[in-house]
$ cat work.pdb   # PDB, C-alpha atoms
ATOM      1  CA  MET D  60      10.841  -3.417 -21.999
ATOM      2  CA  ASN D  61      14.605  -2.882 -22.093
ATOM      3  CA  THR D  62      15.645  -4.328 -18.755
ATOM      4  CA  GLU D  63      19.269  -3.205 -18.995
ATOM      5  CA  GLU D  64      18.318   0.410 -19.695
ATOM      6  CA  LEU D  65      15.835   0.396 -16.824
ATOM      7  CA  LYS D  66      18.413  -1.067 -14.438
ATOM      8  CA  ASN D  67      20.973   1.555 -15.455
ATOM      9  CA  ALA D  68      18.427   4.325 -14.936
ATOM     10  CA  PHE D  69      17.550   2.918 -11.521
ATOM     11  CA  ASP D  70      21.203   2.694 -10.482
ATOM     12  CA  ARG D  71      21.722   6.305 -11.544
ATOM     13  CA  GLU D  72      18.535   7.942 -10.257
ATOM     14  CA  GLY D  73      17.375   5.677  -7.420
ATOM     15  CA  TYR D  74      13.966   5.203  -9.019
ATOM     16  CA  ILE D  75      12.251   4.377 -12.315
ATOM     17  CA  VAL D  76       8.711   4.957 -13.587
ATOM     18  CA  ILE D  77       7.066   2.628 -16.122
ATOM     19  CA  ASP D  78       3.609   3.694 -17.285
ATOM     20  CA  GLY D  79       1.175   1.051 -18.504
ATOM     21  CA  PHE D  80       3.129  -1.835 -17.001
ATOM     22  CA  PHE D  81       0.061  -3.634 -15.674
ATOM     23  CA  ASP D  82      -3.222  -4.524 -17.373
ATOM     24  CA  GLU D  83      -6.043  -2.017 -16.823
ATOM     25  CA  ALA D  84      -8.671  -4.682 -16.165
ATOM     26  CA  LEU D  85      -6.536  -6.168 -13.386
ATOM     27  CA  MET D  86      -5.972  -2.685 -11.967
ATOM     28  CA  ASP D  87      -9.729  -2.063 -11.923
ATOM     29  CA  HIS D  88     -10.276  -5.336 -10.062
ATOM     30  CA  LEU D  89      -7.636  -4.606  -7.419
ATOM     31  CA  ASP D  90      -8.870  -1.037  -7.086
ATOM     32  CA  GLY D  91     -12.294  -2.401  -6.194
ATOM     33  CA  VAL D  92     -10.828  -4.841  -3.665
ATOM     34  CA  ILE D  93      -8.910  -2.028  -1.964
ATOM     35  CA  ARG D  94     -11.881   0.343  -1.867
ATOM     36  CA  GLY D  95     -14.055  -2.429  -0.468
ATOM     37  CA  TYR D  96     -11.593  -3.135   2.332
ATOM     38  CA  TYR D  97     -11.086   0.445   3.510
ATOM     39  CA  GLY D  98     -14.588   1.844   3.179
ATOM     40  CA  GLU D  99     -15.093   5.580   3.623
ATOM     41  CA  SER D 100     -13.041   6.498   6.710
ATOM     42  CA  PRO D 101     -10.708   3.822   8.116
ATOM     43  CA  ASP D 102      -8.938   4.323  11.441
ATOM     44  CA  PHE D 103      -5.266   5.253  11.489
ATOM     45  CA  PHE D 104      -2.866   2.415  12.333
ATOM     46  CA  HIS D 105      -0.245   4.487  14.211
ATOM     47  CA  ASP D 106      -0.763   6.508  17.386
ATOM     48  CA  ASP D 107      -1.337  10.278  17.480
ATOM     49  CA  ALA D 108       2.221  11.040  18.639
ATOM     50  CA  PHE D 109       3.719   9.370  15.567
ATOM     51  CA  LEU D 110       1.204  10.943  13.188
ATOM     52  CA  LYS D 111       1.942  14.431  14.521
ATOM     53  CA  LYS D 112       5.733  14.212  14.677
ATOM     54  CA  SER D 113       6.283  12.264  11.455
ATOM     55  CA  LYS D 114       3.742  14.273   9.449
ATOM     56  CA  THR D 115       2.806  10.961   7.869
ATOM     57  CA  GLU D 116      -0.849   9.956   7.657
ATOM     58  CA  VAL D 117      -1.339   6.597   5.971
ATOM     59  CA  VAL D 118      -3.353   3.503   6.841
ATOM     60  CA  PRO D 119      -1.476   0.309   5.893
ATOM     61  CA  TRP D 120      -3.035  -3.025   4.943
ATOM     62  CA  PHE D 121      -1.212  -6.317   4.342
ATOM     63  CA  PRO D 122      -3.758  -8.278   2.258
ATOM     64  CA  GLN D 123      -1.711 -11.426   1.653
ATOM     65  CA  ARG D 124      -1.183 -11.868   5.392
ATOM     66  CA  GLU D 125      -4.971 -12.018   5.712
ATOM     67  CA  GLY D 126      -5.319 -14.653   3.011
ATOM     68  CA  VAL D 127      -6.459 -12.277   0.259
ATOM     69  CA  THR D 128      -5.167 -13.880  -2.942
ATOM     70  CA  ASP D 129      -6.217 -11.181  -5.431
ATOM     71  CA  PHE D 130      -2.780  -9.557  -5.216
ATOM     72  CA  ASP D 131      -0.821 -12.744  -5.971
ATOM     73  CA  SER D 132      -1.020 -12.511  -9.762
ATOM     74  CA  LEU D 133       1.032  -9.313  -9.897
ATOM     75  CA  GLU D 134       3.749 -10.865  -7.794
ATOM     76  CA  SER D 135       3.955 -13.875 -10.121
ATOM     77  CA  ASP D 136       4.251 -11.698 -13.254
ATOM     78  CA  GLU D 137       7.504 -12.831 -14.908
ATOM     79  CA  ARG D 138       8.287  -9.349 -16.276
ATOM     80  CA  PHE D 139       7.943  -7.965 -12.758
ATOM     81  CA  ALA D 140      10.226 -10.656 -11.329
ATOM     82  CA  SER D 141      12.766 -10.320 -14.141
ATOM     83  CA  LEU D 142      13.119  -6.567 -13.680
ATOM     84  CA  THR D 143      13.443  -7.004  -9.916
ATOM     85  CA  ARG D 144      16.137  -9.641 -10.434
ATOM     86  CA  ALA D 145      18.079  -7.318 -12.741
ATOM     87  CA  ILE D 146      18.043  -4.587 -10.091
ATOM     88  CA  LEU D 147      18.624  -6.664  -6.940
ATOM     89  CA  GLY D 148      20.557  -9.650  -8.275
ATOM     90  CA  ASP D 149      19.892 -13.360  -7.973
ATOM     91  CA  ASN D 150      18.235 -14.798  -4.862
ATOM     92  CA  TRP D 151      16.466 -11.541  -4.065
ATOM     93  CA  ALA D 152      13.650 -11.905  -1.560
ATOM     94  CA  THR D 153      10.055 -10.767  -1.409
ATOM     95  CA  GLN D 154       9.239  -9.028   1.883
ATOM     96  CA  TYR D 155       5.510  -8.276   1.840
ATOM     97  CA  CYS D 156       2.656  -6.656  -0.056
ATOM     98  CA  MET D 157       1.391  -3.477   1.638
ATOM     99  CA  VAL D 158      -1.412  -1.185   0.537
ATOM    100  CA  MET D 159      -0.960   2.406   1.738
ATOM    101  CA  TYR D 160      -4.177   4.416   1.983
ATOM    102  CA  SER D 161      -4.414   8.175   2.574
ATOM    103  CA  LYS D 162      -7.683   9.810   3.606
ATOM    104  CA  PRO D 163      -8.944  13.012   1.944
ATOM    105  CA  GLY D 164      -7.502  16.124   3.585
ATOM    106  CA  THR D 165      -4.529  14.353   5.173
ATOM    107  CA  VAL D 166      -0.901  15.444   4.974
ATOM    108  CA  GLY D 167       0.497  12.518   2.955
ATOM    109  CA  GLN D 168       3.999  11.493   3.997
ATOM    110  CA  ALA D 169       6.946  13.636   5.062
ATOM    111  CA  TRP D 170      10.438  13.214   3.602
ATOM    112  CA  HIS D 171      11.974   9.925   4.651
ATOM    113  CA  GLN D 172      14.269   7.045   3.853
ATOM    114  CA  ASP D 173      12.810   3.614   4.514
ATOM    115  CA  CYS D 174      15.987   2.482   6.270
ATOM    116  CA  PRO D 175      19.265   4.109   7.404
ATOM    117  CA  PRO D 176      21.838   4.299   4.572
ATOM    118  CA  ASP D 177      24.796   3.180   6.728
ATOM    119  CA  ASP D 178      25.471   0.272   4.370
ATOM    120  CA  PRO D 179      24.767   0.930   0.653
ATOM    121  CA  GLU D 180      24.080  -2.775   0.105
ATOM    122  CA  ARG D 181      21.555  -3.055   2.955
ATOM    123  CA  HIS D 182      18.237  -1.685   1.816
ATOM    124  CA  ASN D 183      14.714  -2.495   0.726
ATOM    125  CA  LEU D 184      13.170  -1.985  -2.691
ATOM    126  CA  ASN D 185       9.764  -0.364  -3.071
ATOM    127  CA  ARG D 186       7.795  -1.709  -6.034
ATOM    128  CA  LEU D 187       4.789   0.583  -6.151
ATOM    129  CA  VAL D 188       1.724  -0.320  -8.190
ATOM    130  CA  TYR D 189      -1.001   2.238  -8.934
ATOM    131  CA  THR D 190      -4.529   0.991  -9.602
ATOM    132  CA  SER D 191      -5.882   4.484 -10.376
ATOM    133  CA  ASP D 192      -4.525   7.824 -11.585
ATOM    134  CA  ILE D 193      -2.788  10.195  -9.178
ATOM    135  CA  THR D 194      -3.911  13.649 -10.350
ATOM    136  CA  ASP D 195      -3.296  17.249  -9.294
ATOM    137  CA  GLU D 196      -6.933  17.468  -8.207
ATOM    138  CA  ILE D 197      -6.555  14.516  -5.832
ATOM    139  CA  GLY D 198      -3.008  15.285  -4.678
ATOM    140  CA  GLY D 199      -0.833  12.634  -3.094
ATOM    141  CA  GLN D 200       1.878  12.795  -5.746
ATOM    142  CA  THR D 201       5.141  11.056  -4.922
ATOM    143  CA  VAL D 202       8.168  13.359  -4.723
ATOM    144  CA  VAL D 203      11.754  12.111  -5.065
ATOM    145  CA  VAL D 204      15.259  13.560  -5.165
ATOM    146  CA  PRO D 205      17.086  11.874  -8.073
ATOM    147  CA  GLY D 206      20.360  10.229  -7.110
ATOM    148  CA  SER D 207      19.775  10.738  -3.388
ATOM    149  CA  HIS D 208      20.186   7.011  -2.698
ATOM    150  CA  ARG D 209      23.915   7.729  -3.102
ATOM    151  CA  LYS D 210      23.949  10.916  -0.979
ATOM    152  CA  GLY D 211      23.823   9.305   2.454
ATOM    153  CA  LEU D 212      21.557  10.331   5.304
ATOM    154  CA  LEU D 213      18.523  12.500   4.609
ATOM    155  CA  PRO D 214      19.532  15.948   5.937
ATOM    156  CA  VAL D 215      17.983  17.474   9.042
ATOM    157  CA  GLY D 216      15.401  20.134   8.247
ATOM    158  CA  ASP D 217      11.750  20.878   7.592
ATOM    159  CA  PRO D 218       9.975  17.497   7.366
ATOM    160  CA  VAL D 219       7.935  18.713   4.378
ATOM    161  CA  GLY D 220      10.248  21.391   2.960
ATOM    162  CA  GLU D 221      11.224  21.400  -0.704
ATOM    163  CA  PHE D 222      14.543  20.400  -2.290
ATOM    164  CA  ASP D 223      15.753  22.354  -5.323
ATOM    165  CA  ASP D 224      16.273  19.192  -7.361
ATOM    166  CA  GLN D 225      13.131  17.325  -6.319
ATOM    167  CA  VAL D 226      10.940  15.684  -8.972
ATOM    168  CA  ILE D 227       7.171  15.217  -8.658
ATOM    169  CA  LEU D 228       5.809  11.934 -10.017
ATOM    170  CA  LYS D 229       2.205  11.536 -11.188
ATOM    171  CA  PRO D 230       1.603   7.809 -11.714
ATOM    172  CA  LYS D 231      -1.388   6.610 -13.713
ATOM    173  CA  LYS D 232      -3.498   3.470 -13.571
ATOM    174  CA  GLY D 233      -1.160   0.567 -14.337
ATOM    175  CA  THR D 234       2.053   2.488 -13.585
ATOM    176  CA  LEU D 235       4.924   0.738 -11.811
ATOM    177  CA  VAL D 236       7.326   2.883  -9.781
ATOM    178  CA  ILE D 237      10.433   1.161  -8.427
ATOM    179  CA  LEU D 238      12.109   3.146  -5.662
ATOM    180  CA  HIS D 239      15.314   2.468  -3.717
ATOM    181  CA  GLY D 240      14.773   2.450   0.054
ATOM    182  CA  HIS D 241      17.592   4.985   0.550
ATOM    183  CA  THR D 242      16.139   7.468  -1.955
ATOM    184  CA  TRP D 243      14.763  10.601  -0.293
ATOM    185  CA  HIS D 244      11.035  10.616  -0.963
ATOM    186  CA  ARG D 245       7.704  11.928   0.298
ATOM    187  CA  VAL D 246       4.013  12.044  -0.637
ATOM    188  CA  LEU D 247       2.220  15.384  -1.065
ATOM    189  CA  PRO D 248      -0.997  16.211   0.848
ATOM    190  CA  ILE D 249      -4.255  14.689  -0.343
ATOM    191  CA  LYS D 250      -6.529  17.507  -1.528
ATOM    192  CA  GLY D 251      -9.426  15.662  -3.137
ATOM    193  CA  SER D 252     -10.504  12.058  -2.902
ATOM    194  CA  TYR D 253      -8.575   9.347  -1.068
ATOM    195  CA  ARG D 254      -5.329   8.035  -2.526
ATOM    196  CA  PHE D 255      -3.625   4.660  -2.314
ATOM    197  CA  SER D 256      -0.843   2.572  -3.806
ATOM    198  CA  THR D 257       0.262  -1.026  -3.346
ATOM    199  CA  ASN D 258       3.879  -1.689  -2.405
ATOM    200  CA  TYR D 259       5.401  -5.093  -3.165
ATOM    201  CA  ARG D 260       8.518  -4.660  -1.067
ATOM    202  CA  ALA D 261      11.596  -6.732  -1.850
ATOM    203  CA  ALA D 262      15.269  -6.780  -0.857
ATOM    204  CA  PRO D 263      18.653  -8.115  -2.018
ATOM    205  CA  ALA D 264      19.773 -11.572  -0.893
ATOM    206  CA  GLY D 265      20.892 -11.644   2.736
ATOM    207  CA  THR D 266      18.978  -8.530   3.780
ATOM    208  CA  PRO D 267      17.451  -8.839   7.278
ATOM    209  CA  ASP D 268      13.664  -9.029   7.390
ATOM    210  CA  ASP D 269      13.586  -6.021   9.727
ATOM    211  CA  VAL D 270      15.651  -3.744   7.462
ATOM    212  CA  THR D 271      12.833  -1.161   7.445
ATOM    213  CA  ASP D 272      12.212  -1.255  11.204
ATOM    214  CA  VAL D 273      14.002   2.089  11.663
ATOM    215  CA  CYS D 274      12.861   4.865   9.321
ATOM    216  CA  VAL D 275      14.816   8.084   8.735
ATOM    217  CA  TYR D 276      12.851  11.346   8.878
ATOM    218  CA  ARG D 277      14.320  14.855   8.769
ATOM    219  CA  ASN D 278      13.497  15.361  12.450
ATOM    220  CA  MET D 279      13.958  11.876  13.926
ATOM    221  CA  LEU D 280      14.794   8.209  13.564
ATOM    222  CA  TYR D 281      11.695   6.169  14.354
ATOM    223  CA  GLN D 282      11.542   2.470  15.251
ATOM    224  CA  PHE D 283       8.272   0.803  14.278
ATOM    225  CA  SER D 284       8.723  -2.391  16.326
ATOM    226  CA  THR D 285       8.850  -0.398  19.563
ATOM    227  CA  SER D 286       6.701   2.559  18.406
ATOM    228  CA  SER D 287       9.380   4.920  19.650
ATOM    229  CA  VAL D 288      11.699   7.725  18.590
ATOM    230  CA  VAL D 289      15.223   6.320  18.834
ATOM    231  CA  GLU D 290      16.947   9.573  17.908
ATOM    232  CA  GLU D 291      15.854  13.205  17.765
ATOM    233  CA  ARG D 292      17.427  14.989  14.797
ATOM    234  CA  THR D 293      18.068  18.710  15.221
ATOM    235  CA  SER D 294      20.232  21.139  13.276
TER     236      SER D 294
END
$ encode --input "work.pdb" --output "structure tokens"
Amino acid sequence: MNTEELKNAFDREGYIVIDGFFDEALMDHLDGVIRGYYGESPDFFHDDAFLKKSKTEVVPWFPQREGVTDFDSLESDERFASLTRAILGDNWATQYCMVMYSKPGTVGQAWHQDCPPDDPERHNLNRLVYTSDITDEIGGQTVVVPGSHRKGLLPVGDPVGEFDDQVILKPKKGTLVILHGHTWHRVLPIKGSYRFSTNYRAAPAGTPDDVTDVCVYRNMLYQFSTSSVVEERTS
């Protein structure tokens, strides 16, 4: 792993993809833990108004907050920490571990930025771990716009419309995707079986814990702590 090359690619593109980063046996174990937790048809976490307007249908789970220790070994992986340190700098902070589950037949996630890009230095870092393959048959591929973390606010428009320069990512079992919180990104609809990923969110030193409280969508700014739309976005 060439950390300097990966950091430079991240700074340029706003994301990096590293296949085979994590051990397959560990991925199989965590995959089983996740499937066991969710079962066949878990309830949505957010209310119907948010699900409809945001066009985002995911069911989050924070396993470490519930005392589930199976996910700790990834976080203590020195390669993982070293790469994060190279990207975020010294004294970076772990935020939380969040599994994001999408049911079969759901819409995935609309275009969004995890936090407003008012300050380029104030952002979160998504460190996405995939315990199984994301295939065309299943759907749920992650879509990004390269370099968009430097383009400012996600433009107003169709919440699920396409960008000419978008790139579709198809992570495999053991893949690590690191994604800047200001990068424009979405998740495609789930066509086959369920789909999930595990996000070990982190942030640069001094970043407020609530940096992702307000999320930028193409049609609104939404505040999770109050479950409310704080700004309608229209053309």
$ resolve_selection --input "work.pdb" --expression "the PyMOL selection byres ((chain D and resi 69) around 12)" --output "ChimeraX atom specification"
/D:62-68,70-77,142-143,145-147,184-185,205-209,236-240,242
$ write_last_selection --input "work.pdb" --atoms "C-alpha atoms" --output "mmCIF file, in the coordinates of the input"
data_model
loop_
_atom_site.group_PDB
_atom_site.id
_atom_site.type_symbol
_atom_site.label_atom_id
_atom_site.label_comp_id
_atom_site.auth_asym_id
_atom_site.auth_seq_id
_atom_site.Cartn_x
_atom_site.Cartn_y
_atom_site.Cartn_z
ATOM 1 C CA THR D 62 15.645 -4.328 -18.755
ATOM 2 C CA GLU D 63 19.269 -3.205 -18.995
ATOM 3 C CA GLU D 64 18.318 0.410 -19.695
ATOM 4 C CA LEU D 65 15.835 0.396 -16.824
ATOM 5 C CA LYS D 66 18.413 -1.067 -14.438
ATOM 6 C CA ASN D 67 20.973 1.555 -15.455
ATOM 7 C CA ALA D 68 18.427 4.325 -14.936
ATOM 8 C CA ASP D 70 21.203 2.694 -10.482
ATOM 9 C CA ARG D 71 21.722 6.305 -11.544
ATOM 10 C CA GLU D 72 18.535 7.942 -10.257
ATOM 11 C CA GLY D 73 17.375 5.677 -7.420
ATOM 12 C CA TYR D 74 13.966 5.203 -9.019
ATOM 13 C CA ILE D 75 12.251 4.377 -12.315
ATOM 14 C CA VAL D 76 8.711 4.957 -13.587
ATOM 15 C CA ILE D 77 7.066 2.628 -16.122
ATOM 16 C CA LEU D 142 13.119 -6.567 -13.680
ATOM 17 C CA THR D 143 13.443 -7.004 -9.916
ATOM 18 C CA ALA D 145 18.079 -7.318 -12.741
ATOM 19 C CA ILE D 146 18.043 -4.587 -10.091
ATOM 20 C CA LEU D 147 18.624 -6.664 -6.940
ATOM 21 C CA LEU D 184 13.170 -1.985 -2.691
ATOM 22 C CA ASN D 185 9.764 -0.364 -3.071
ATOM 23 C CA PRO D 205 17.086 11.874 -8.073
ATOM 24 C CA GLY D 206 20.360 10.229 -7.110
ATOM 25 C CA SER D 207 19.775 10.738 -3.388
ATOM 26 C CA HIS D 208 20.186 7.011 -2.698
ATOM 27 C CA ARG D 209 23.915 7.729 -3.102
ATOM 28 C CA VAL D 236 7.326 2.883 -9.781
ATOM 29 C CA ILE D 237 10.433 1.161 -8.427
ATOM 30 C CA LEU D 238 12.109 3.146 -5.662
ATOM 31 C CA HIS D 239 15.314 2.468 -3.717
ATOM 32 C CA GLY D 240 14.773 2.450 0.054
ATOM 33 C CA THR D 242 16.139 7.468 -1.955
#
$ closest_residue --input "work.pdb" --among "D:Lys250, D:Arg124, D:Lys162, D:Arg144" --to "Gly98 (chain D)" --atoms "only C-alpha atoms"
D:Lys162
$ closest_residue --input "work.pdb" --among "D:Val270, D:Arg254, D:Trp151, D:Val92" --to "Gln282 (chain D)" --atoms "only C-alpha atoms"
D:Val270
$ closest_residue --input "work.pdb" --among "D:Pro267, D:Pro230, D:Gly167, D:Gly251" --to "Pro218 (chain D)" --atoms "all atoms listed in the file"
D:Gly167
$ closest_residue --input "work.pdb" --among "D:Arg94, D:Pro122, D:Asn183, D:Val188" --to "Tyr253 (chain D)" --atoms "all atoms listed in the file"
D:Arg94
$ atom_distance --input "work.pdb" --atom1 "CA of Gly233 (chain D)" --atom2 "CA of Asp87 (chain D)"
9.3 Å
$ resolve_selection --input "work.pdb" --expression "the PyMOL selection byres ((chain D and resi 81) around 12)" --output "PyMOL selection string"
chain D and resi 77-80+82-89+132-134+136-139+187-191+231-236
$ closest_residue --input "work.pdb" --among "D:Ser135, D:Arg181, D:Pro263, D:Val219" --to "Gly148 (chain D)" --atoms "all atoms listed in the file"
D:Pro263
$ resolve_selection --input "work.pdb" --expression "the PyMOL selection byres ((chain D and resi 212) around 7)" --output "PyMOL selection string"
chain D and resi 175-176+210-211+213-214
$ atom_distance --input "work.pdb" --atom1 "CA of Phe121 (chain D)" --atom2 "CA of Met159 (chain D)"
9.1 Å
$ closest_residue --input "work.pdb" --among "D:Tyr259, D:Asp177, D:Thr271, D:Val215" --to "Ala140 (chain D)" --atoms "all atoms listed in the file"
D:Tyr259
$ residues_around --input "work.pdb" --residues "Asp217 (chain D)" --least-positions-apart "4" --cutoff "10 Å" --atoms "only C-alpha atoms" --output "list in words"
Ala169, Trp170, Glu221, Tyr276, Arg277 and Asn278 of chain D
$ atom_distance --input "work.pdb" --atom1 "CA of His182 (chain D)" --atom2 "CA of Thr153 (chain D)"
12.6 Å
$ build_atoms --input "work.pdb" --residues "region 214-231 of chain D" --atoms "N, CA and C atoms" --output "PDB file, in the frame of the given file"
ATOM      1  N   PRO D 214      19.093  14.867   5.052  1.00  0.00           N
ATOM      2  CA  PRO D 214      19.532  15.948   5.937  1.00  0.00           C
ATOM      3  C   PRO D 214      18.448  16.400   6.908  1.00  0.00           C
ATOM      4  N   VAL D 215      18.881  16.889   8.053  1.00  0.00           N
ATOM      5  CA  VAL D 215      17.983  17.474   9.042  1.00  0.00           C
ATOM      6  C   VAL D 215      17.329  18.718   8.438  1.00  0.00           C
ATOM      7  N   GLY D 216      16.077  18.952   8.768  1.00  0.00           N
ATOM      8  CA  GLY D 216      15.401  20.134   8.247  1.00  0.00           C
ATOM      9  C   GLY D 216      13.896  20.011   8.349  1.00  0.00           C
ATOM     10  N   ASP D 217      13.202  20.867   7.626  1.00  0.00           N
ATOM     11  CA  ASP D 217      11.750  20.878   7.592  1.00  0.00           C
ATOM     12  C   ASP D 217      11.247  19.540   7.047  1.00  0.00           C
ATOM     13  N   PRO D 218      10.431  18.818   7.813  1.00  0.00           N
ATOM     14  CA  PRO D 218       9.975  17.497   7.366  1.00  0.00           C
ATOM     15  C   PRO D 218       9.262  17.498   6.018  1.00  0.00           C
ATOM     16  N   VAL D 219       8.664  18.643   5.649  1.00  0.00           N
ATOM     17  CA  VAL D 219       7.935  18.713   4.378  1.00  0.00           C
ATOM     18  C   VAL D 219       8.458  19.837   3.483  1.00  0.00           C
ATOM     19  N   GLY D 220       9.662  20.339   3.782  1.00  0.00           N
ATOM     20  CA  GLY D 220      10.248  21.391   2.960  1.00  0.00           C
ATOM     21  C   GLY D 220      10.650  20.876   1.588  1.00  0.00           C
ATOM     22  N   GLU D 221      10.879  21.792   0.659  1.00  0.00           N
ATOM     23  CA  GLU D 221      11.224  21.400  -0.704  1.00  0.00           C
ATOM     24  C   GLU D 221      12.732  21.326  -0.904  1.00  0.00           C
ATOM     25  N   PHE D 222      13.164  20.452  -1.812  1.00  0.00           N
ATOM     26  CA  PHE D 222      14.543  20.400  -2.290  1.00  0.00           C
ATOM     27  C   PHE D 222      14.580  20.986  -3.703  1.00  0.00           C
ATOM     28  N   ASP D 223      15.651  21.702  -4.013  1.00  0.00           N
ATOM     29  CA  ASP D 223      15.753  22.354  -5.323  1.00  0.00           C
ATOM     30  C   ASP D 223      15.669  21.364  -6.477  1.00  0.00           C
ATOM     31  N   ASP D 224      16.209  20.169  -6.272  1.00  0.00           N
ATOM     32  CA  ASP D 224      16.273  19.192  -7.361  1.00  0.00           C
ATOM     33  C   ASP D 224      15.213  18.098  -7.249  1.00  0.00           C
ATOM     34  N   GLN D 225      14.175  18.331  -6.466  1.00  0.00           N
ATOM     35  CA  GLN D 225      13.131  17.325  -6.319  1.00  0.00           C
ATOM     36  C   GLN D 225      12.329  17.177  -7.612  1.00  0.00           C
ATOM     37  N   VAL D 226      11.764  15.988  -7.803  1.00  0.00           N
ATOM     38  CA  VAL D 226      10.940  15.684  -8.972  1.00  0.00           C
ATOM     39  C   VAL D 226       9.599  15.143  -8.479  1.00  0.00           C
ATOM     40  N   ILE D 227       8.510  15.660  -9.040  1.00  0.00           N
ATOM     41  CA  ILE D 227       7.171  15.217  -8.658  1.00  0.00           C
ATOM     42  C   ILE D 227       6.671  14.188  -9.665  1.00  0.00           C
ATOM     43  N   LEU D 228       6.302  13.016  -9.171  1.00  0.00           N
ATOM     44  CA  LEU D 228       5.809  11.934 -10.017  1.00  0.00           C
ATOM     45  C   LEU D 228       4.280  11.890  -9.965  1.00  0.00           C
ATOM     46  N   LYS D 229       3.661  11.636 -11.111  1.00  0.00           N
ATOM     47  CA  LYS D 229       2.205  11.536 -11.188  1.00  0.00           C
ATOM     48  C   LYS D 229       1.825  10.212 -11.859  1.00  0.00           C
ATOM     49  N   PRO D 230       1.909   9.124 -11.130  1.00  0.00           N
ATOM     50  CA  PRO D 230       1.603   7.809 -11.714  1.00  0.00           C
ATOM     51  C   PRO D 230       0.153   7.712 -12.185  1.00  0.00           C
ATOM     52  N   LYS D 231      -0.055   6.866 -13.177  1.00  0.00           N
ATOM     53  CA  LYS D 231      -1.388   6.610 -13.713  1.00  0.00           C
ATOM     54  C   LYS D 231      -1.790   5.164 -13.400  1.00  0.00           C
TER      55      LYS D 231
END
